[in-house]
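See structure below.
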Amino acid sequence: MLTPTKVRFATLEWLEQRRLMTASPVDPGTLALEGSIAQSPAVADFNATIGPSGGFSSVTYNGVNYIDAARQWSTSAWFIATTTDLAGNDRRTENLPIIRQSYNAATTTLVQEYAHAKITWKFSKAAGEVSWNAAIENTTNNRKIIGYNLLTTAMTFSSPAIERVGNQYIFGTSGGLQAARINDGANAVYLVNDNPGTPHMLNMQQFAGSEHQGTYRVRIGTTRLWGDGATYPTADPTIVLLPGDSDHVALSLRFAPAATTTNQANPDLVENTLEELPFRLNWNDRRPIGAFWAHGGNHALSRINTSTPAGITEYRRVALDTARDIVRSALAESLQGIIFWDLEGMDQFTNPHPYAYAGDPSLIPVLNPAFNGVADQFFGILRDAGLKFGFTIRNSTLAPTQTGWNHNQTPLTGQEYAEKIGYAKQRWGATLFYVDVADIHDVSSLNAASIAHPDTLLIPETRSGMAVGYNAFSAPLLDQRFSGWNTTAQTRELHPNAFSVVWVGDTINRTSAASQALMRDAVRNGDILLAHVGTMGDVSAVAASAGVPLIRTPAPPPSNPSTPTPPPSNPSTPTPPPSNPSTPTPPPTTPPP
């Protein structure tokens with residue numbers, strides 16, 4: 001198949017204004033590849049034919065034909081474009097027909113013209129793989145393309161019982177080894193992003209209907225389509241093509257024996273991944289972590305009116321009692337620390353905002369001044385007990401508006417992440433940070449923050465383990481309801497010491513034998529369990545049975561803990577909003593992480 005060659009990431013002129021990723025990690029296997037590269041398997045019987053009008057008319061590996069012209073009821077590609085006028089109005093999403101096309105067999109280049117664009121395809125084949133390269137040019141003079149999808153081909157698998165290993169979606173800037181694997185029992189087939197520094201999404205998606213059973217469409221694009229489901233990101237990568245602008249995509253299908261792992265089949269991607277995102281997470285404590293909501297749900301702090309001096313006094317008394325209660329529970333449950341989700345407040349009495357998680361500790365003085373007045377004592381109680389602690393960091397910026405507060409949904413830069421983390425770390429000694437809805441299109445920003453704060457544990461929510469690049473420097477959140485109980489074998493093949501934090505706080509049958517077996521397996525593999533403080537007796541027992549020493553090892557407090565260190569310069573503390581802001585929406589009764 002492939003030889004271990006260096007493939008450098010493309011730097012494209014049309015992306016100069018974007019913060020680009022560099023690479024992403026991975027999925028299954030058993031080899032320890034850290035610092036080394038697996039040799040790819042020998043190429044078996046492989047043959048690929050480019051049709052007379054362009055596109056692959058057949059691709060055969062080990063006697064199985066995966067692209068059959070007789071069943072290829074698409075042309076060389078479908079083009080689905082979302083456009084607006086230059087002012088951003090008149091939004092349209094259209095499945096555009098080809099107006100005209102021409103094919104040069106000598107250069108295996110196909111040019112297709114559409115209503116809004118020209119696409120130039122280059123088809124190529126090598127030992128064990130076929131490739132598509134495409135340039136997409138906006139040919140209009142009055143519209144901009146704000147999203148598109150290309151359906152490059154349809155694949156037919158010989159067996160309807162297809163084993164899917166890893167996530168079938170690839171996100172172009174999520175870092176590292178970007179390959180989705182399908183195993184039909186005969187062979188392993190990999191869809192690979194050959195230009196992983198760019199913000200595109202790729203997938204192999206099965207067609208609906210029994211007549212298409214075993215048939216998948218191979219797709220690359222920048223926007224979600226019908227049927228994508230909840231595993232797709234909450235936001236699309238932003239690529240805007242103004243008139244005359246171009247975008248570039250590159251993808252391949254690679255074939256290998258069924259027993260081959262993703263890492264073994266793609267040694268060039270492994271090499272780039274280890275170079276661009278070497279493993280550097282150093283966090284040896286694998287005891288469970290507790291989660292605590294002070295203002296969500298029905299906690300006493302959320303019911304105290306802090307608009308009066310008496311209310312502020314009562315709030316501070318309850319806050320300190322809460323800190324002591326947390327310590328008692330955490331020590332009884334042998335936790336290493338606590339993450340607080342909402343200490344900035346869902347305070348309906350002062351500076352209300354309709355968000356369960358503000359996600360910015362530096363806003364505590366503005367959003368929750370009652371807690372700010374007691375915060376140093378509150379965290380001093382936790383430090384004195386030898387407990388780690390930390391906060392939710394939200395991947396957006398909360399700012400005042402005319403009616404209250406609003407989140408600017410623009411993803412944070414590395415500096416903005418570092419400032420939010422740095423405030424809590426410098427003022428109180430916080431070291432645990434859950435990152436709410438981390439940007440799976442951009443691992444680089446949080447990676448930069450981890451470099452700035454290497455003594456912290458970052459826990460990004462990435463949904464379904466899609467952005468495995470985070471495992472090189474953080475412990476991504478796995479929610480057993482959506483994304484399983486375990487760091488994937490492919491990730492551990494790439495980084496043997498990688499681990500995740502597994503949320504088990506809302507598992508209905510957490511005490512069942514089956515659930516405890518899954519938790520035990522995760523802990524044995526190095527993962528950390530996360531659940532609500534005060535409900536973790538069974539979680540701690542599972543961790544102990546899996547070999548985690550449940551003993552309290554007090555950590556030294558930061559220097560001069562009684563005198564808080566000033567926050568970082570320019571912590572971007574906004575001014576309070578106008579009086580009488582709108583009443584916020586109540587938080588969920590049991591907020592998810």
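By convention in this document, the chains of the structure tokens carry letters A, B, ... by their order, each chain's residues are numbered from 1, and ligands are numbered from 1 in the order they are shown.
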
Quick one: everything within 8 Å of segment 411-421 of chain A, counting only C-alpha atoms, minus sequence neighbours fewer than 4 positions away in the same chain. Send it as a CSV table (one decimal) with N, CA and C atoms, in the first residue's frame.
chain,number,residue,atom,x,y,z
A,360,ASP,N,-16.8,31.8,32.2
A,360,ASP,CA,-15.7,32.7,32.3
A,360,ASP,C,-15.5,33.2,33.8
A,361,PRO,N,-14.6,32.5,34.5
A,361,PRO,CA,-14.4,32.9,35.9
A,361,PRO,C,-14.1,34.4,36.1
A,362,SER,N,-13.5,35.0,35.1
A,362,SER,CA,-13.2,36.5,35.3
A,362,SER,C,-14.4,37.3,35.4
A,393,ILE,N,-15.1,26.4,31.2
A,393,ILE,CA,-14.7,27.5,30.3
A,393,ILE,C,-15.6,27.3,29.0
A,395,ASN,N,-16.6,28.1,25.2
A,395,ASN,CA,-16.0,28.5,23.9
A,395,ASN,C,-16.7,29.6,23.3
A,396,SER,N,-16.9,30.7,24.0
A,396,SER,CA,-17.6,31.9,23.5
A,396,SER,C,-17.4,33.0,24.5
A,397,THR,N,-17.8,34.2,24.1
A,397,THR,CA,-17.6,35.4,25.0
A,397,THR,C,-18.9,35.9,25.4
A,425,LYS,N,-6.7,30.4,37.7
A,425,LYS,CA,-5.5,29.8,38.1
A,425,LYS,C,-4.7,30.7,39.0
A,433,PHE,N,-10.3,22.3,34.3
A,433,PHE,CA,-11.1,23.1,33.4
A,433,PHE,C,-11.9,22.3,32.4
A,439,ASP,N,-14.3,23.7,20.0
A,439,ASP,CA,-14.4,23.8,18.6
A,439,ASP,C,-13.7,22.6,17.9
A,444,SER,N,-6.2,23.8,17.5
A,444,SER,CA,-5.0,24.6,17.8
A,444,SER,C,-5.2,25.7,18.9
A,445,SER,N,-6.3,26.3,19.0
A,445,SER,CA,-6.5,27.3,20.0
A,445,SER,C,-6.4,26.8,21.4
A,446,LEU,N,-7.1,25.6,21.7
A,446,LEU,CA,-7.0,25.1,23.0
A,446,LEU,C,-5.7,24.5,23.3
A,447,ASN,N,-5.0,24.0,22.2
A,447,ASN,CA,-3.7,23.5,22.4
A,447,ASN,C,-2.7,24.6,22.8
A,448,ALA,N,-2.9,25.8,22.2
A,448,ALA,CA,-2.1,27.0,22.6
A,448,ALA,C,-2.3,27.3,24.1
A,449,ALA,N,-3.6,27.2,24.6
A,449,ALA,CA,-3.9,27.5,26.0
A,449,ALA,C,-3.2,26.5,26.9
A,450,SER,N,-3.2,25.2,26.4
A,450,SER,CA,-2.6,24.2,27.2
A,450,SER,C,-1.1,24.4,27.3
A,452,ALA,N,0.3,27.3,27.4
A,452,ALA,CA,0.4,28.4,28.3
A,452,ALA,C,0.2,28.0,29.8
A,453,HIS,N,-0.6,26.9,30.0
A,453,HIS,CA,-0.9,26.4,31.3
A,453,HIS,C,-0.7,24.9,31.4
A,568,PRO,N,-4.8,38.2,35.4
A,568,PRO,CA,-4.0,38.6,34.3
A,568,PRO,C,-4.4,40.0,33.8
A,571,PRO,N,-8.1,41.4,31.7
A,571,PRO,CA,-9.0,40.2,31.8
A,571,PRO,C,-10.3,40.4,31.1

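In this model, the gap between atom CA of Ala522 of chain A and atom CA of Ala291 of chain A comes to 18.7 Å.
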
(message) Which residue is closest to Gly147 of chain A? Choose from A:Gln205, A:Thr223, A:Ser124, A:Thr308 and count only C-alpha atoms.
(response) A:Thr223

(request) Please identify all polymer residues within 7 Å of segment 148-154 of chain A, counting only C-alpha atoms, omitting same-chain residues fewer than 4 positions from it, and present them as a ChimeraX atom specification. (result) /A:67,72,76-82,215-223

Keeping only all heavy atoms, write the selected residues as a tab-separated table (two decimals), in the first residue's frame.
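Once written, again-v1.tsv looks like this:
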chain	number	residue	atom	x	y	z
A	67	ILE	N	-16.30	0.19	-6.50
A	67	ILE	CA	-16.95	1.22	-7.30
A	67	ILE	C	-17.32	0.61	-8.63
A	67	ILE	O	-16.45	0.27	-9.44
A	67	ILE	CB	-16.03	2.44	-7.49
A	67	ILE	CG1	-15.71	3.08	-6.14
A	67	ILE	CG2	-16.67	3.47	-8.41
A	67	ILE	CD1	-14.79	4.27	-6.21
A	72	GLN	N	-23.25	3.14	-10.40
A	72	GLN	CA	-22.84	4.51	-10.11
A	72	GLN	C	-23.85	5.47	-10.71
A	72	GLN	O	-23.66	6.01	-11.78
A	72	GLN	CB	-21.44	4.75	-10.70
A	72	GLN	CG	-20.77	6.02	-10.19
A	72	GLN	CD	-20.40	5.90	-8.74
A	72	GLN	OE1	-21.26	5.99	-7.88
A	72	GLN	NE2	-19.15	5.69	-8.44
A	76	SER	N	-19.91	12.22	-12.19
A	76	SER	CA	-18.64	12.29	-11.50
A	76	SER	C	-18.78	12.95	-10.14
A	76	SER	O	-18.00	12.68	-9.24
A	76	SER	CB	-17.62	13.06	-12.34
A	76	SER	OG	-17.40	12.38	-13.55
A	77	ALA	N	-19.77	13.83	-9.98
A	77	ALA	CA	-19.98	14.47	-8.67
A	77	ALA	C	-21.33	15.16	-8.66
A	77	ALA	O	-21.85	15.55	-9.70
A	77	ALA	CB	-18.87	15.47	-8.37
A	78	TRP	N	-21.88	15.30	-7.47
A	78	TRP	CA	-23.01	16.19	-7.24
A	78	TRP	C	-22.46	17.42	-6.54
A	78	TRP	O	-21.56	17.33	-5.70
A	78	TRP	CB	-24.05	15.55	-6.34
A	78	TRP	CG	-24.79	14.41	-6.96
A	78	TRP	CD1	-24.75	14.00	-8.26
A	78	TRP	CD2	-25.68	13.53	-6.29
A	78	TRP	NE1	-25.55	12.91	-8.44
A	78	TRP	CE2	-26.14	12.60	-7.25
A	78	TRP	CE3	-26.15	13.43	-4.99
A	78	TRP	CZ2	-27.02	11.59	-6.95
A	78	TRP	CZ3	-27.03	12.43	-4.67
A	78	TRP	CH2	-27.48	11.51	-5.65
A	79	PHE	N	-23.05	18.57	-6.84
A	79	PHE	CA	-22.60	19.81	-6.22
A	79	PHE	C	-23.80	20.46	-5.55
A	79	PHE	O	-24.79	20.79	-6.20
A	79	PHE	CB	-22.00	20.74	-7.27
A	79	PHE	CG	-21.48	22.04	-6.71
A	79	PHE	CD1	-20.60	22.06	-5.65
A	79	PHE	CD2	-21.87	23.25	-7.26
A	79	PHE	CE1	-20.11	23.24	-5.14
A	79	PHE	CE2	-21.38	24.45	-6.76
A	79	PHE	CZ	-20.49	24.45	-5.69
A	80	ILE	N	-23.73	20.61	-4.22
A	80	ILE	CA	-24.79	21.25	-3.45
A	80	ILE	C	-24.20	22.54	-2.87
A	80	ILE	O	-23.23	22.49	-2.11
A	80	ILE	CB	-25.28	20.34	-2.31
A	80	ILE	CG1	-25.77	19.01	-2.89
A	80	ILE	CG2	-26.38	21.02	-1.51
A	80	ILE	CD1	-26.03	17.96	-1.84
A	81	ALA	N	-24.74	23.67	-3.25
A	81	ALA	CA	-24.16	24.95	-2.86
A	81	ALA	C	-25.15	25.78	-2.06
A	81	ALA	O	-26.35	25.79	-2.36
A	81	ALA	CB	-23.72	25.73	-4.09
A	82	THR	N	-24.65	26.48	-1.05
A	82	THR	CA	-25.42	27.47	-0.32
A	82	THR	C	-24.83	28.83	-0.63
A	82	THR	O	-23.63	29.06	-0.40
A	82	THR	CB	-25.39	27.21	1.19
A	82	THR	OG1	-25.93	25.91	1.46
A	82	THR	CG2	-26.20	28.26	1.94
A	215	THR	N	-24.52	0.40	0.17
A	215	THR	CA	-24.01	1.45	-0.70
A	215	THR	C	-23.81	2.74	0.11
A	215	THR	O	-24.70	3.15	0.86
A	215	THR	CB	-24.99	1.73	-1.85
A	215	THR	OG1	-25.15	0.54	-2.60
A	215	THR	CG2	-24.45	2.82	-2.78
A	216	TYR	N	-22.65	3.34	-0.05
A	216	TYR	CA	-22.29	4.55	0.69
A	216	TYR	C	-21.93	5.65	-0.29
A	216	TYR	O	-21.36	5.40	-1.36
A	216	TYR	CB	-21.08	4.30	1.60
A	216	TYR	CG	-21.40	3.52	2.85
A	216	TYR	CD1	-21.77	2.18	2.78
A	216	TYR	CD2	-21.33	4.12	4.09
A	216	TYR	CE1	-22.07	1.46	3.93
A	216	TYR	CE2	-21.63	3.40	5.25
A	216	TYR	CZ	-22.00	2.07	5.15
A	216	TYR	OH	-22.30	1.38	6.28
A	217	ARG	N	-22.22	6.88	0.10
A	217	ARG	CA	-21.76	8.01	-0.69
A	217	ARG	C	-20.53	8.61	-0.02
A	217	ARG	O	-20.45	8.71	1.21
A	217	ARG	CB	-22.86	9.06	-0.83
A	217	ARG	CG	-23.29	9.71	0.47
A	217	ARG	CD	-24.45	10.67	0.23
A	217	ARG	NE	-24.86	11.33	1.47
A	217	ARG	CZ	-25.95	12.08	1.57
A	217	ARG	NH1	-26.73	12.24	0.53
A	217	ARG	NH2	-26.27	12.66	2.70
A	218	VAL	N	-19.57	8.99	-0.82
A	218	VAL	CA	-18.34	9.61	-0.33
A	218	VAL	C	-18.48	11.11	-0.55
A	218	VAL	O	-18.72	11.56	-1.67
A	218	VAL	CB	-17.11	9.06	-1.08
A	218	VAL	CG1	-15.85	9.78	-0.61
A	218	VAL	CG2	-16.99	7.56	-0.86
A	219	ARG	N	-18.32	11.85	0.50
A	219	ARG	CA	-18.67	13.26	0.47
A	219	ARG	C	-17.62	14.11	1.15
A	219	ARG	O	-17.00	13.70	2.13
A	219	ARG	CB	-20.01	13.42	1.16
A	219	ARG	CG	-20.32	14.81	1.70
A	219	ARG	CD	-21.52	14.71	2.61
A	219	ARG	NE	-21.65	15.85	3.48
A	219	ARG	CZ	-22.29	15.84	4.63
A	219	ARG	NH1	-22.84	14.73	5.05
A	219	ARG	NH2	-22.37	16.92	5.36
A	220	ILE	N	-17.41	15.30	0.61
A	220	ILE	CA	-16.57	16.28	1.27
A	220	ILE	C	-17.25	17.63	1.12
A	220	ILE	O	-17.88	17.92	0.10
A	220	ILE	CB	-15.14	16.32	0.69
A	220	ILE	CG1	-14.24	17.25	1.51
A	220	ILE	CG2	-15.14	16.73	-0.78
A	220	ILE	CD1	-12.77	17.11	1.19
A	221	GLY	N	-17.18	18.46	2.15
A	221	GLY	CA	-17.82	19.76	2.06
A	221	GLY	C	-17.58	20.60	3.28
A	221	GLY	O	-16.72	20.30	4.12
A	222	THR	N	-18.39	21.66	3.41
A	222	THR	CA	-18.22	22.60	4.50
A	222	THR	C	-19.49	22.82	5.30
A	222	THR	O	-19.48	23.56	6.29
A	222	THR	CB	-17.76	23.97	3.97
A	222	THR	OG1	-18.79	24.54	3.16
A	222	THR	CG2	-16.49	23.84	3.14
A	223	THR	N	-20.61	22.22	4.92
A	223	THR	CA	-21.87	22.41	5.64
A	223	THR	C	-22.54	21.07	5.89
A	223	THR	O	-22.31	20.10	5.18
A	223	THR	CB	-22.83	23.31	4.84
A	223	THR	OG1	-22.97	22.80	3.52
A	223	THR	CG2	-22.32	24.74	4.78
